[in-house]
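Structure file protein_1.cif with mmCIF, C-alpha atoms and all ligand atoms:
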data_model
#
loop_
_atom_site.group_PDB
_atom_site.id
_atom_site.type_symbol
_atom_site.label_atom_id
_atom_site.label_comp_id
_atom_site.auth_asym_id
_atom_site.auth_seq_id
_atom_site.Cartn_x
_atom_site.Cartn_y
_atom_site.Cartn_z
ATOM 1 C CA MET A 1 -34.067 -19.785 5.181
ATOM 2 C CA ASN A 2 -33.045 -23.380 5.671
ATOM 3 C CA ARG A 3 -31.549 -23.464 2.225
ATOM 4 C CA VAL A 4 -29.367 -20.443 3.049
ATOM 5 C CA LYS A 5 -28.202 -22.171 6.171
ATOM 6 C CA THR A 6 -27.329 -25.364 4.310
ATOM 7 C CA LEU A 7 -25.521 -23.421 1.634
ATOM 8 C CA SER A 8 -23.445 -21.413 4.074
ATOM 9 C CA THR A 9 -22.601 -24.566 6.028
ATOM 10 C CA ILE A 10 -21.369 -26.177 2.808
ATOM 11 C CA LEU A 11 -19.424 -23.057 1.908
ATOM 12 C CA ILE A 12 -17.732 -22.850 5.295
ATOM 13 C CA ALA A 13 -16.908 -26.561 5.191
ATOM 14 C CA LEU A 14 -15.420 -26.067 1.734
ATOM 15 C CA LEU A 15 -13.353 -23.092 2.891
ATOM 16 C CA ILE A 16 -11.998 -25.159 5.743
ATOM 17 C CA ALA A 17 -11.327 -28.162 3.506
ATOM 18 C CA ILE A 18 -9.318 -26.173 0.953
ATOM 19 C CA GLN A 19 -7.025 -24.916 3.720
ATOM 20 C CA PHE A 20 -5.456 -28.378 3.622
ATOM 21 C CA VAL A 21 -4.332 -27.770 0.057
ATOM 22 C CA GLN A 22 -1.352 -25.527 0.687
ATOM 23 C CA PRO A 23 1.461 -25.313 -1.838
ATOM 24 C CA ALA A 24 4.798 -24.462 -0.216
ATOM 25 C CA ARG A 25 5.807 -20.862 0.389
ATOM 26 C CA THR A 26 9.521 -20.985 -0.186
ATOM 27 C CA ASN A 27 12.354 -18.530 0.251
ATOM 28 C CA PRO A 28 15.180 -20.638 -1.170
ATOM 29 C CA PRO A 29 18.631 -19.820 0.247
ATOM 30 C CA ALA A 30 20.274 -17.246 -1.990
ATOM 31 C CA ASP A 31 23.882 -17.546 -3.091
ATOM 32 C CA PRO A 32 25.349 -14.025 -2.736
ATOM 33 C CA ALA A 33 27.570 -14.758 -5.725
ATOM 34 C CA ARG A 34 24.439 -15.058 -7.889
ATOM 35 C CA ALA A 35 22.846 -11.783 -6.754
ATOM 36 C CA ILE A 36 22.175 -9.100 -9.355
ATOM 37 C CA THR A 37 24.353 -6.670 -7.385
ATOM 38 C CA ARG A 38 27.386 -8.903 -7.973
ATOM 39 C CA ARG A 39 27.021 -8.394 -11.715
ATOM 40 C CA LEU A 40 25.489 -4.954 -12.082
ATOM 41 C CA GLN A 41 25.659 -1.560 -10.488
ATOM 42 C CA VAL A 42 22.239 -0.892 -8.977
ATOM 43 C CA ASP A 43 22.040 2.676 -7.750
ATOM 44 C CA PRO A 44 20.152 3.200 -4.476
ATOM 45 C CA GLU A 45 17.159 4.894 -6.051
ATOM 46 C CA VAL A 46 16.594 2.057 -8.531
ATOM 47 C CA ALA A 47 17.263 -0.490 -5.793
ATOM 48 C CA ARG A 48 14.490 1.100 -3.731
ATOM 49 C CA ILE A 49 12.012 0.869 -6.615
ATOM 50 C CA LEU A 50 12.872 -2.763 -7.363
ATOM 51 C CA ASP A 51 12.677 -3.522 -3.677
ATOM 52 C CA ARG A 52 9.211 -2.126 -3.115
ATOM 53 C CA ALA A 53 7.661 -3.077 -6.472
ATOM 54 C CA CYS A 54 9.352 -6.264 -7.709
ATOM 55 C CA ARG A 55 11.225 -8.060 -4.944
ATOM 56 C CA ASP A 56 8.298 -10.097 -3.609
ATOM 57 C CA CYS A 57 7.900 -11.968 -6.917
ATOM 58 C CA HIS A 58 11.369 -11.643 -8.407
ATOM 59 C CA SER A 59 13.751 -12.604 -5.641
ATOM 60 C CA ASN A 60 14.223 -15.393 -3.112
ATOM 61 C CA ASP A 61 13.558 -12.805 -0.430
ATOM 62 C CA THR A 62 9.758 -12.656 -0.633
ATOM 63 C CA ARG A 63 7.809 -10.914 2.128
ATOM 64 C CA TRP A 64 4.819 -13.252 2.400
ATOM 65 C CA PRO A 65 1.613 -11.394 3.300
ATOM 66 C CA TRP A 66 -1.005 -12.876 5.667
ATOM 67 C CA TYR A 67 -3.333 -13.741 2.794
ATOM 68 C CA SER A 68 -0.632 -15.971 1.345
ATOM 69 C CA ARG A 69 -1.521 -18.295 4.234
ATOM 70 C CA VAL A 70 -5.218 -18.548 3.492
ATOM 71 C CA ALA A 71 -6.592 -20.500 0.523
ATOM 72 C CA PRO A 72 -7.688 -19.680 -2.107
ATOM 73 C CA GLY A 73 -5.707 -16.385 -2.052
ATOM 74 C CA SER A 74 -2.558 -18.303 -1.177
ATOM 75 C CA TRP A 75 -2.788 -20.331 -4.400
ATOM 76 C CA LEU A 76 -2.704 -17.183 -6.504
ATOM 77 C CA VAL A 77 0.110 -15.539 -4.541
ATOM 78 C CA ILE A 78 2.331 -18.631 -4.428
ATOM 79 C CA ASP A 79 1.783 -19.238 -8.131
ATOM 80 C CA HIS A 80 2.714 -15.615 -8.922
ATOM 81 C CA VAL A 81 5.898 -15.861 -6.900
ATOM 82 C CA ASN A 82 7.015 -19.225 -8.318
ATOM 83 C CA HIS A 83 6.201 -18.123 -11.844
ATOM 84 C CA GLY A 84 7.771 -14.683 -11.368
ATOM 85 C CA ARG A 85 11.008 -16.149 -10.019
ATOM 86 C CA ARG A 86 11.296 -18.503 -12.965
ATOM 87 C CA HIS A 87 11.202 -15.559 -15.372
ATOM 88 C CA LEU A 88 13.339 -13.106 -13.452
ATOM 89 C CA ASN A 89 15.149 -13.518 -10.162
ATOM 90 C CA PHE A 90 17.342 -10.817 -8.623
ATOM 91 C CA SER A 91 18.739 -13.470 -6.257
ATOM 92 C CA ASP A 92 19.699 -15.747 -9.126
ATOM 93 C CA TRP A 93 20.797 -13.380 -11.845
ATOM 94 C CA PRO A 94 22.103 -14.881 -15.119
ATOM 95 C CA ASP A 95 25.702 -14.379 -16.165
ATOM 96 C CA ASP A 96 25.197 -15.147 -19.839
ATOM 97 C CA ALA A 97 23.529 -13.504 -22.847
ATOM 98 C CA THR A 98 20.130 -13.669 -21.176
ATOM 99 C CA GLU A 99 21.310 -10.894 -18.846
ATOM 100 C CA GLN A 100 20.836 -8.408 -21.685
ATOM 101 C CA GLU A 101 17.396 -9.797 -22.452
ATOM 102 C CA LYS A 102 16.327 -9.524 -18.825
ATOM 103 C CA LEU A 103 17.426 -5.886 -18.686
ATOM 104 C CA SER A 104 15.513 -4.915 -21.784
ATOM 105 C CA ALA A 105 12.483 -6.935 -20.617
ATOM 106 C CA ILE A 106 12.533 -5.034 -17.300
ATOM 107 C CA CYS A 107 12.429 -1.755 -19.207
ATOM 108 C CA SER A 108 9.596 -2.791 -21.498
ATOM 109 C CA GLU A 109 7.541 -4.365 -18.697
ATOM 110 C CA VAL A 110 7.588 -1.266 -16.493
ATOM 111 C CA THR A 111 7.097 1.121 -19.429
ATOM 112 C CA SER A 112 4.071 -0.781 -20.712
ATOM 113 C CA GLY A 113 2.662 -1.006 -17.179
ATOM 114 C CA ARG A 114 2.447 -4.824 -17.334
ATOM 115 C CA MET A 115 4.702 -4.963 -14.278
ATOM 116 C CA PRO A 116 4.236 -4.829 -11.374
ATOM 117 C CA VAL A 117 1.204 -7.134 -11.676
ATOM 118 C CA SER A 118 -1.987 -5.106 -11.145
ATOM 119 C CA SER A 119 -3.598 -7.514 -8.668
ATOM 120 C CA TYR A 120 -0.475 -6.974 -6.552
ATOM 121 C CA THR A 121 -0.501 -3.174 -6.654
ATOM 122 C CA LEU A 122 -4.200 -3.234 -5.828
ATOM 123 C CA VAL A 123 -3.252 -4.552 -2.397
ATOM 124 C CA HIS A 124 0.285 -3.168 -2.147
ATOM 125 C CA ARG A 125 -0.368 0.483 -2.863
ATOM 126 C CA ASN A 126 3.243 1.459 -2.257
ATOM 127 C CA ALA A 127 4.396 -0.921 -5.006
ATOM 128 C CA ARG A 128 2.833 1.252 -7.685
ATOM 129 C CA ILE A 129 5.179 2.580 -10.326
ATOM 130 C CA GLU A 130 4.868 6.205 -11.354
ATOM 131 C CA SER A 131 6.028 7.145 -14.830
ATOM 132 C CA GLN A 132 9.171 8.758 -13.444
ATOM 133 C CA ASP A 133 9.976 5.514 -11.598
ATOM 134 C CA ALA A 134 9.557 3.563 -14.836
ATOM 135 C CA ARG A 135 11.808 6.067 -16.609
ATOM 136 C CA ARG A 136 14.446 5.770 -13.916
ATOM 137 C CA VAL A 137 14.392 1.964 -14.072
ATOM 138 C CA CYS A 138 14.623 2.080 -17.867
ATOM 139 C CA GLU A 139 17.536 4.501 -17.894
ATOM 140 C CA TRP A 140 19.331 2.273 -15.432
ATOM 141 C CA ALA A 141 18.616 -0.890 -17.460
ATOM 142 C CA THR A 142 19.840 0.763 -20.665
ATOM 143 C CA ARG A 143 22.977 2.038 -18.965
ATOM 144 C CA GLU A 144 23.764 -1.409 -17.595
ATOM 145 C CA GLN A 145 23.191 -2.988 -20.998
ATOM 146 C CA GLN A 146 25.660 -0.562 -22.532
ATOM 147 C CA ALA A 147 28.171 -1.259 -19.783
ATOM 148 C CA LEU A 148 27.831 -4.985 -20.461
ATOM 149 C CA ASN A 149 28.392 -4.366 -24.157
ATOM 150 C CA VAL A 150 31.624 -2.578 -23.387
ATOM 151 C CA THR A 151 32.989 -5.176 -20.977
ATOM 152 C CA SER A 152 31.804 -8.270 -22.839
ATOM 153 C CA PRO A 153 30.652 -7.446 -26.372
ATOM 154 C CA ARG A 154 28.361 -10.057 -27.857
HETATM 155 C C1 LIG A 201 2.860 -10.171 -7.927
HETATM 156 C C2 LIG A 201 4.063 -10.696 -8.472
HETATM 157 C C3 LIG A 201 4.910 -9.835 -9.386
HETATM 158 C C4 LIG A 201 5.408 -8.587 -9.154
HETATM 159 C C5 LIG A 201 5.203 -7.720 -7.931
HETATM 160 C C6 LIG A 201 6.218 -8.256 -10.288
HETATM 161 N N1 LIG A 201 6.192 -9.289 -11.182
HETATM 162 FE FE1 LIG A 201 7.225 -9.401 -12.932
HETATM 163 N N2 LIG A 201 6.399 -11.216 -13.332
HETATM 164 C C7 LIG A 201 5.523 -11.883 -12.521
HETATM 165 C C8 LIG A 201 5.086 -13.102 -13.182
HETATM 166 C C9 LIG A 201 4.096 -14.107 -12.632
HETATM 167 C C10 LIG A 201 5.759 -13.149 -14.419
HETATM 168 C C11 LIG A 201 5.664 -14.229 -15.466
HETATM 169 C C12 LIG A 201 5.101 -13.714 -16.732
HETATM 170 C C13 LIG A 201 3.642 -13.694 -16.740
HETATM 171 O O1 LIG A 201 3.059 -14.777 -16.845
HETATM 172 O O2 LIG A 201 3.047 -12.601 -16.660
HETATM 173 C C14 LIG A 201 6.582 -11.955 -14.483
HETATM 174 C C15 LIG A 201 7.393 -11.643 -15.547
HETATM 175 C C16 LIG A 201 8.239 -10.560 -15.573
HETATM 176 C C17 LIG A 201 9.195 -10.293 -16.630
HETATM 177 C C18 LIG A 201 9.398 -11.112 -17.877
HETATM 178 C C19 LIG A 201 10.711 -11.816 -17.804
HETATM 179 C C20 LIG A 201 11.061 -12.467 -19.115
HETATM 180 O O3 LIG A 201 11.739 -13.467 -19.071
HETATM 181 O O4 LIG A 201 10.667 -11.966 -20.183
HETATM 182 C C21 LIG A 201 9.849 -9.148 -16.288
HETATM 183 C C22 LIG A 201 10.952 -8.457 -17.063
HETATM 184 C C23 LIG A 201 9.273 -8.683 -15.046
HETATM 185 N N3 LIG A 201 8.309 -9.562 -14.630
HETATM 186 C C24 LIG A 201 9.669 -7.534 -14.411
HETATM 187 C C25 LIG A 201 9.093 -7.046 -13.246
HETATM 188 C C26 LIG A 201 9.485 -5.810 -12.635
HETATM 189 C C27 LIG A 201 10.578 -4.894 -13.150
HETATM 190 C C28 LIG A 201 8.704 -5.660 -11.524
HETATM 191 C C29 LIG A 201 8.682 -4.499 -10.596
HETATM 192 C C30 LIG A 201 8.529 -3.200 -11.154
HETATM 193 C C31 LIG A 201 7.830 -6.826 -11.447
HETATM 194 N N4 LIG A 201 8.095 -7.640 -12.513
HETATM 195 C C32 LIG A 201 6.916 -7.065 -10.437
HETATM 196 C C33 LIG A 201 5.116 -11.492 -11.263
HETATM 197 C C34 LIG A 201 5.410 -10.278 -10.671
#
Can you turn what I pasted into structure tokens?
Ligand code: HEC
Amino acid sequence: MNRVKTLSTILIALLIAIQFVQPARTNPPADPARAITRRLQVDPEVARILDRACRDCHSNDTRWPWYSRVAPGSWLVIDHVNHGRRHLNFSDWPDDATEQEKLSAICSEVTSGRMPVSSYTLVHRNARIESQDARRVCEWATREQQALNVTSPR
């Protein structure tokens, strides 16, 4: 019994100690001129899907959940957000050739089911993507790619 007590004391002490290791949760100020909506037409239905399923990791406007304040969960969440933003950021949308690549990546990620990240949808049930949502996002991404081709052929 004593051993259990010692072990749980160590565990609790550890849990408290790791709370001091907190990477920053940032929501960097977003320049409206860099927002995706300044470059592309995002119809309301697609905007709603991106908002509920992607925004937290792919924009500067993250809604930080309570468990992002408690280590070790916070480490995973903050890493996902920082990493996600580096790959794709609706608040800092590219205005060069990579725009096309991002659009086609969005389509393939939602079609394959790789995005949204499954550990996220496990907790955020309303972020799940049904196949018709994925289709809608893909149709939109394809349409926008074609529109870009017309206005600035590359
Ligand atoms: C929980 C955080 C999270 C959510 C939610 C999320 N992503 Fe991601 N996403 C990431 C991370 C992290 C990466 C970096 C790639 C990797 O390591 O998996 C990424 C990568 C991507 C990429 C690759 C970009 C590139 O440069 O090739 C695309 C596209 C993408 N996500 C689209 C989406 C879309 C669309 C949604 C919503 C339907 C979404 N993601 C939801 C975290 C997230």
Would you tabulate, counting only C-alpha atoms, all residues of stretch 82-141 of chain A that have an atom at most 8 Å from an atom of stretch 42-53 of chain A, showing the closest pair of atoms and their distance in Å to one decimal, sorted by chain then ascending number, as a Markdown table?
| residue | atom | partner | partner_atom | distance |
| --- | --- | --- | --- | --- |
| A:Pro116 | CA | A:Ala53 | CA | 6.2 |
| A:Asn126 | CA | A:Arg52 | CA | 7.0 |
| A:Ala127 | CA | A:Ala53 | CA | 4.2 |
| A:Arg128 | CA | A:Ala53 | CA | 6.6 |
| A:Ile129 | CA | A:Ala53 | CA | 7.3 |
| A:Asp133 | CA | A:Ile49 | CA | 7.1 |
| A:Arg136 | CA | A:Val46 | CA | 6.9 |
| A:Val137 | CA | A:Val46 | CA | 6.0 |
| A:Trp140 | CA | A:Val46 | CA | 7.4 |
Q: For stretch 69-76 of chain A, work out the shell of residues within 8 Å, counting all atoms listed in the file and skipping chain neighbours fewer than 6 positions away, then give it as number ranges by chain.
A: A: 15, 18-19, 21-23
Wanna dump the chain A-ligand LIG 201 (chain A) contacts at 7 Å for me, each residue with its shortest atom pair and the distance in Å to one decimal, counting all atoms listed in the file, ordered by chain and number, as a Markdown table?
| residue | atom | partner | partner_atom | distance |
| --- | --- | --- | --- | --- |
| A:Leu50 | CA | A:LIG201 | C29 | 5.6 |
| A:Ala53 | CA | A:LIG201 | C29 | 4.5 |
| A:Cys54 | CA | A:LIG201 | C29 | 3.4 |
| A:Arg55 | CA | A:LIG201 | C5 | 6.7 |
| A:Asp56 | CA | A:LIG201 | C5 | 5.8 |
| A:Cys57 | CA | A:LIG201 | C2 | 4.3 |
| A:His58 | CA | A:LIG201 | N1 | 6.3 |
| A:Val77 | CA | A:LIG201 | C1 | 6.9 |
| A:His80 | CA | A:LIG201 | C9 | 4.2 |
| A:Val81 | CA | A:LIG201 | C2 | 5.7 |
| A:His83 | CA | A:LIG201 | C9 | 4.6 |
| A:Gly84 | CA | A:LIG201 | C8 | 3.6 |
| A:His87 | CA | A:LIG201 | O3 | 4.3 |
| A:Leu88 | CA | A:LIG201 | C19 | 5.2 |
| A:Lys102 | CA | A:LIG201 | C22 | 5.8 |
| A:Ala105 | CA | A:LIG201 | C22 | 4.2 |
| A:Ile106 | CA | A:LIG201 | C22 | 3.8 |
| A:Glu109 | CA | A:LIG201 | C22 | 5.6 |
| A:Val110 | CA | A:LIG201 | C30 | 5.8 |
| A:Met115 | CA | A:LIG201 | C31 | 4.6 |
| A:Pro116 | CA | A:LIG201 | C32 | 3.6 |
| A:Val117 | CA | A:LIG201 | C1 | 5.1 |
| A:Tyr120 | CA | A:LIG201 | C1 | 4.8 |
| A:Ile129 | CA | A:LIG201 | C30 | 6.7 |
Q | Residue with smallest distance to A:Cys138 - pool A:Glu99, A:Cys107, A:Arg86, A:Asn60, counting only C-alpha atoms | A |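 Checking each candidate against A:Cys138, we get A:Cys107 as the closest.
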Determine, counting all atoms listed in the file, which protein, DNA and RNA residues have an atom within 8 Å of an atom of A:Leu40; residues of the same chain fewer than 3 positions away are not included. Present the result as a PDB file with C-alpha atoms, in the coordinates of the input.
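So the final result, stored in around39.pdb, reads:
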ATOM      1  CA  ILE A  36      22.175  -9.100  -9.355  1.00  0.00           C
ATOM      2  CA  THR A  37      24.353  -6.670  -7.385  1.00  0.00           C
ATOM      3  CA  GLU A 144      23.764  -1.409 -17.595  1.00  0.00           C
TER       4      GLU A 144
END
Q: Considering only C-alpha atoms, state which residue in the set A:Arg25, A:Arg143, A:Arg34, A:Arg3 is at the smallest distance from A:Gln100.
A: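 For A:Gln100, the nearest of the candidates is A:Arg143.
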Q: Could you jot down the atom CA of A:Phe90 to atom CA of A:Gln145 separation for me, Å, one decimal place?
A: 15.8 Å
Q: Enter the distance from atom CA of A:Asn89 to atom CA of A:Arg39, in Å, rounded to one decimal.
A: 13.0 Å
Q) So how far away is atom CA of A:Ser112 from atom CA of A:Arg85, in Å? A) 20.0 Å
For stretch 105-123 of chain A, I'd like the enclosing box, axis-aligned and padded by 5 Å on every side, reported as AutoDock Vina command-line options with centre and edge lengths in Å to one decimal.
--center_x 4.2 --center_y -3.2 --center_z -11.9 --size_x 26.7 --size_y 18.6 --size_z 29.1
Q: Tell me which of A:Ala97, A:Val123, A:Ala134, A:Leu7 sits closest to A:Leu148, counting all atoms listed in the file.
A: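 Result for the nearest residue to A:Leu148: A:Ala97.
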Q | Counting only C-alpha atoms, the option among A:Ser91, A:Thr111, A:Thr98, A:Asn82 closest to A:Gln132 | A | A:Thr111
Q | Option closest in space to A:Glu139, from A:Ser108, A:Glu101, A:Ser119, A:Asp61 [counting all atoms listed in the file] | A |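 Comparing A:Ser108, A:Glu101, A:Ser119, A:Asp61 against A:Glu139, the winner is A:Ser108.
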Q: Determine the nearest neighbour of A:Asp31 from the options A:Ser59, A:Thr151, A:Thr9, A:Ser104, counting only C-alpha atoms.
A: A:Ser59
Could stretch 7-22 of chain A be completed with N, CA, C and O atoms and written as a PDB file, keeping the file's coordinate frame, please?
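The resulting file, part.pdb, is reproduced below:
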ATOM      1  N   LEU A   7     -26.524 -23.924   2.573  1.00  0.00           N
ATOM      2  CA  LEU A   7     -25.521 -23.421   1.634  1.00  0.00           C
ATOM      3  C   LEU A   7     -24.324 -22.831   2.354  1.00  0.00           C
ATOM      4  O   LEU A   7     -23.176 -23.093   1.996  1.00  0.00           O
ATOM      5  N   SER A   8     -24.595 -22.024   3.389  1.00  0.00           N
ATOM      6  CA  SER A   8     -23.445 -21.413   4.074  1.00  0.00           C
ATOM      7  C   SER A   8     -22.651 -22.452   4.853  1.00  0.00           C
ATOM      8  O   SER A   8     -21.434 -22.340   4.968  1.00  0.00           O
ATOM      9  N   THR A   9     -23.343 -23.494   5.343  1.00  0.00           N
ATOM     10  CA  THR A   9     -22.601 -24.566   6.028  1.00  0.00           C
ATOM     11  C   THR A   9     -21.667 -25.253   5.036  1.00  0.00           C
ATOM     12  O   THR A   9     -20.496 -25.502   5.320  1.00  0.00           O
ATOM     13  N   ILE A  10     -22.187 -25.521   3.839  1.00  0.00           N
ATOM     14  CA  ILE A  10     -21.369 -26.177   2.808  1.00  0.00           C
ATOM     15  C   ILE A  10     -20.186 -25.283   2.442  1.00  0.00           C
ATOM     16  O   ILE A  10     -19.044 -25.731   2.333  1.00  0.00           O
ATOM     17  N   LEU A  11     -20.466 -24.008   2.305  1.00  0.00           N
ATOM     18  CA  LEU A  11     -19.424 -23.057   1.908  1.00  0.00           C
ATOM     19  C   LEU A  11     -18.311 -22.991   2.962  1.00  0.00           C
ATOM     20  O   LEU A  11     -17.120 -23.019   2.636  1.00  0.00           O
ATOM     21  N   ILE A  12     -18.729 -22.929   4.221  1.00  0.00           N
ATOM     22  CA  ILE A  12     -17.732 -22.850   5.295  1.00  0.00           C
ATOM     23  C   ILE A  12     -16.910 -24.145   5.352  1.00  0.00           C
ATOM     24  O   ILE A  12     -15.688 -24.117   5.467  1.00  0.00           O
ATOM     25  N   ALA A  13     -17.611 -25.274   5.181  1.00  0.00           N
ATOM     26  CA  ALA A  13     -16.908 -26.561   5.191  1.00  0.00           C
ATOM     27  C   ALA A  13     -15.897 -26.607   4.048  1.00  0.00           C
ATOM     28  O   ALA A  13     -14.760 -27.071   4.220  1.00  0.00           O
ATOM     29  N   LEU A  14     -16.316 -26.098   2.899  1.00  0.00           N
ATOM     30  CA  LEU A  14     -15.420 -26.067   1.734  1.00  0.00           C
ATOM     31  C   LEU A  14     -14.197 -25.198   2.009  1.00  0.00           C
ATOM     32  O   LEU A  14     -13.068 -25.583   1.720  1.00  0.00           O
ATOM     33  N   LEU A  15     -14.452 -24.020   2.578  1.00  0.00           N
ATOM     34  CA  LEU A  15     -13.353 -23.092   2.891  1.00  0.00           C
ATOM     35  C   LEU A  15     -12.361 -23.732   3.858  1.00  0.00           C
ATOM     36  O   LEU A  15     -11.158 -23.541   3.739  1.00  0.00           O
ATOM     37  N   ILE A  16     -12.892 -24.481   4.788  1.00  0.00           N
ATOM     38  CA  ILE A  16     -11.998 -25.159   5.743  1.00  0.00           C
ATOM     39  C   ILE A  16     -11.229 -26.266   5.025  1.00  0.00           C
ATOM     40  O   ILE A  16     -10.021 -26.390   5.168  1.00  0.00           O
ATOM     41  N   ALA A  17     -11.962 -27.029   4.198  1.00  0.00           N
ATOM     42  CA  ALA A  17     -11.327 -28.162   3.506  1.00  0.00           C
ATOM     43  C   ALA A  17     -10.177 -27.694   2.614  1.00  0.00           C
ATOM     44  O   ALA A  17      -9.117 -28.320   2.594  1.00  0.00           O
ATOM     45  N   ILE A  18     -10.373 -26.589   1.887  1.00  0.00           N
ATOM     46  CA  ILE A  18      -9.318 -26.173   0.953  1.00  0.00           C
ATOM     47  C   ILE A  18      -8.075 -25.658   1.677  1.00  0.00           C
ATOM     48  O   ILE A  18      -7.013 -25.570   1.081  1.00  0.00           O
ATOM     49  N   GLN A  19      -8.214 -25.360   2.979  1.00  0.00           N
ATOM     50  CA  GLN A  19      -7.025 -24.916   3.720  1.00  0.00           C
ATOM     51  C   GLN A  19      -5.961 -26.021   3.793  1.00  0.00           C
ATOM     52  O   GLN A  19      -4.797 -25.766   4.050  1.00  0.00           O
ATOM     53  N   PHE A  20      -6.423 -27.276   3.572  1.00  0.00           N
ATOM     54  CA  PHE A  20      -5.456 -28.378   3.622  1.00  0.00           C
ATOM     55  C   PHE A  20      -4.654 -28.508   2.333  1.00  0.00           C
ATOM     56  O   PHE A  20      -3.706 -29.271   2.258  1.00  0.00           O
ATOM     57  N   VAL A  21      -5.085 -27.767   1.319  1.00  0.00           N
ATOM     58  CA  VAL A  21      -4.332 -27.770   0.057  1.00  0.00           C
ATOM     59  C   VAL A  21      -3.446 -26.529   0.052  1.00  0.00           C
ATOM     60  O   VAL A  21      -3.879 -25.445  -0.328  1.00  0.00           O
ATOM     61  N   GLN A  22      -2.253 -26.673   0.577  1.00  0.00           N
ATOM     62  CA  GLN A  22      -1.352 -25.527   0.687  1.00  0.00           C
ATOM     63  C   GLN A  22      -0.042 -25.799  -0.041  1.00  0.00           C
ATOM     64  O   GLN A  22       0.803 -26.538   0.454  1.00  0.00           O
TER      65      GLN A  22
END
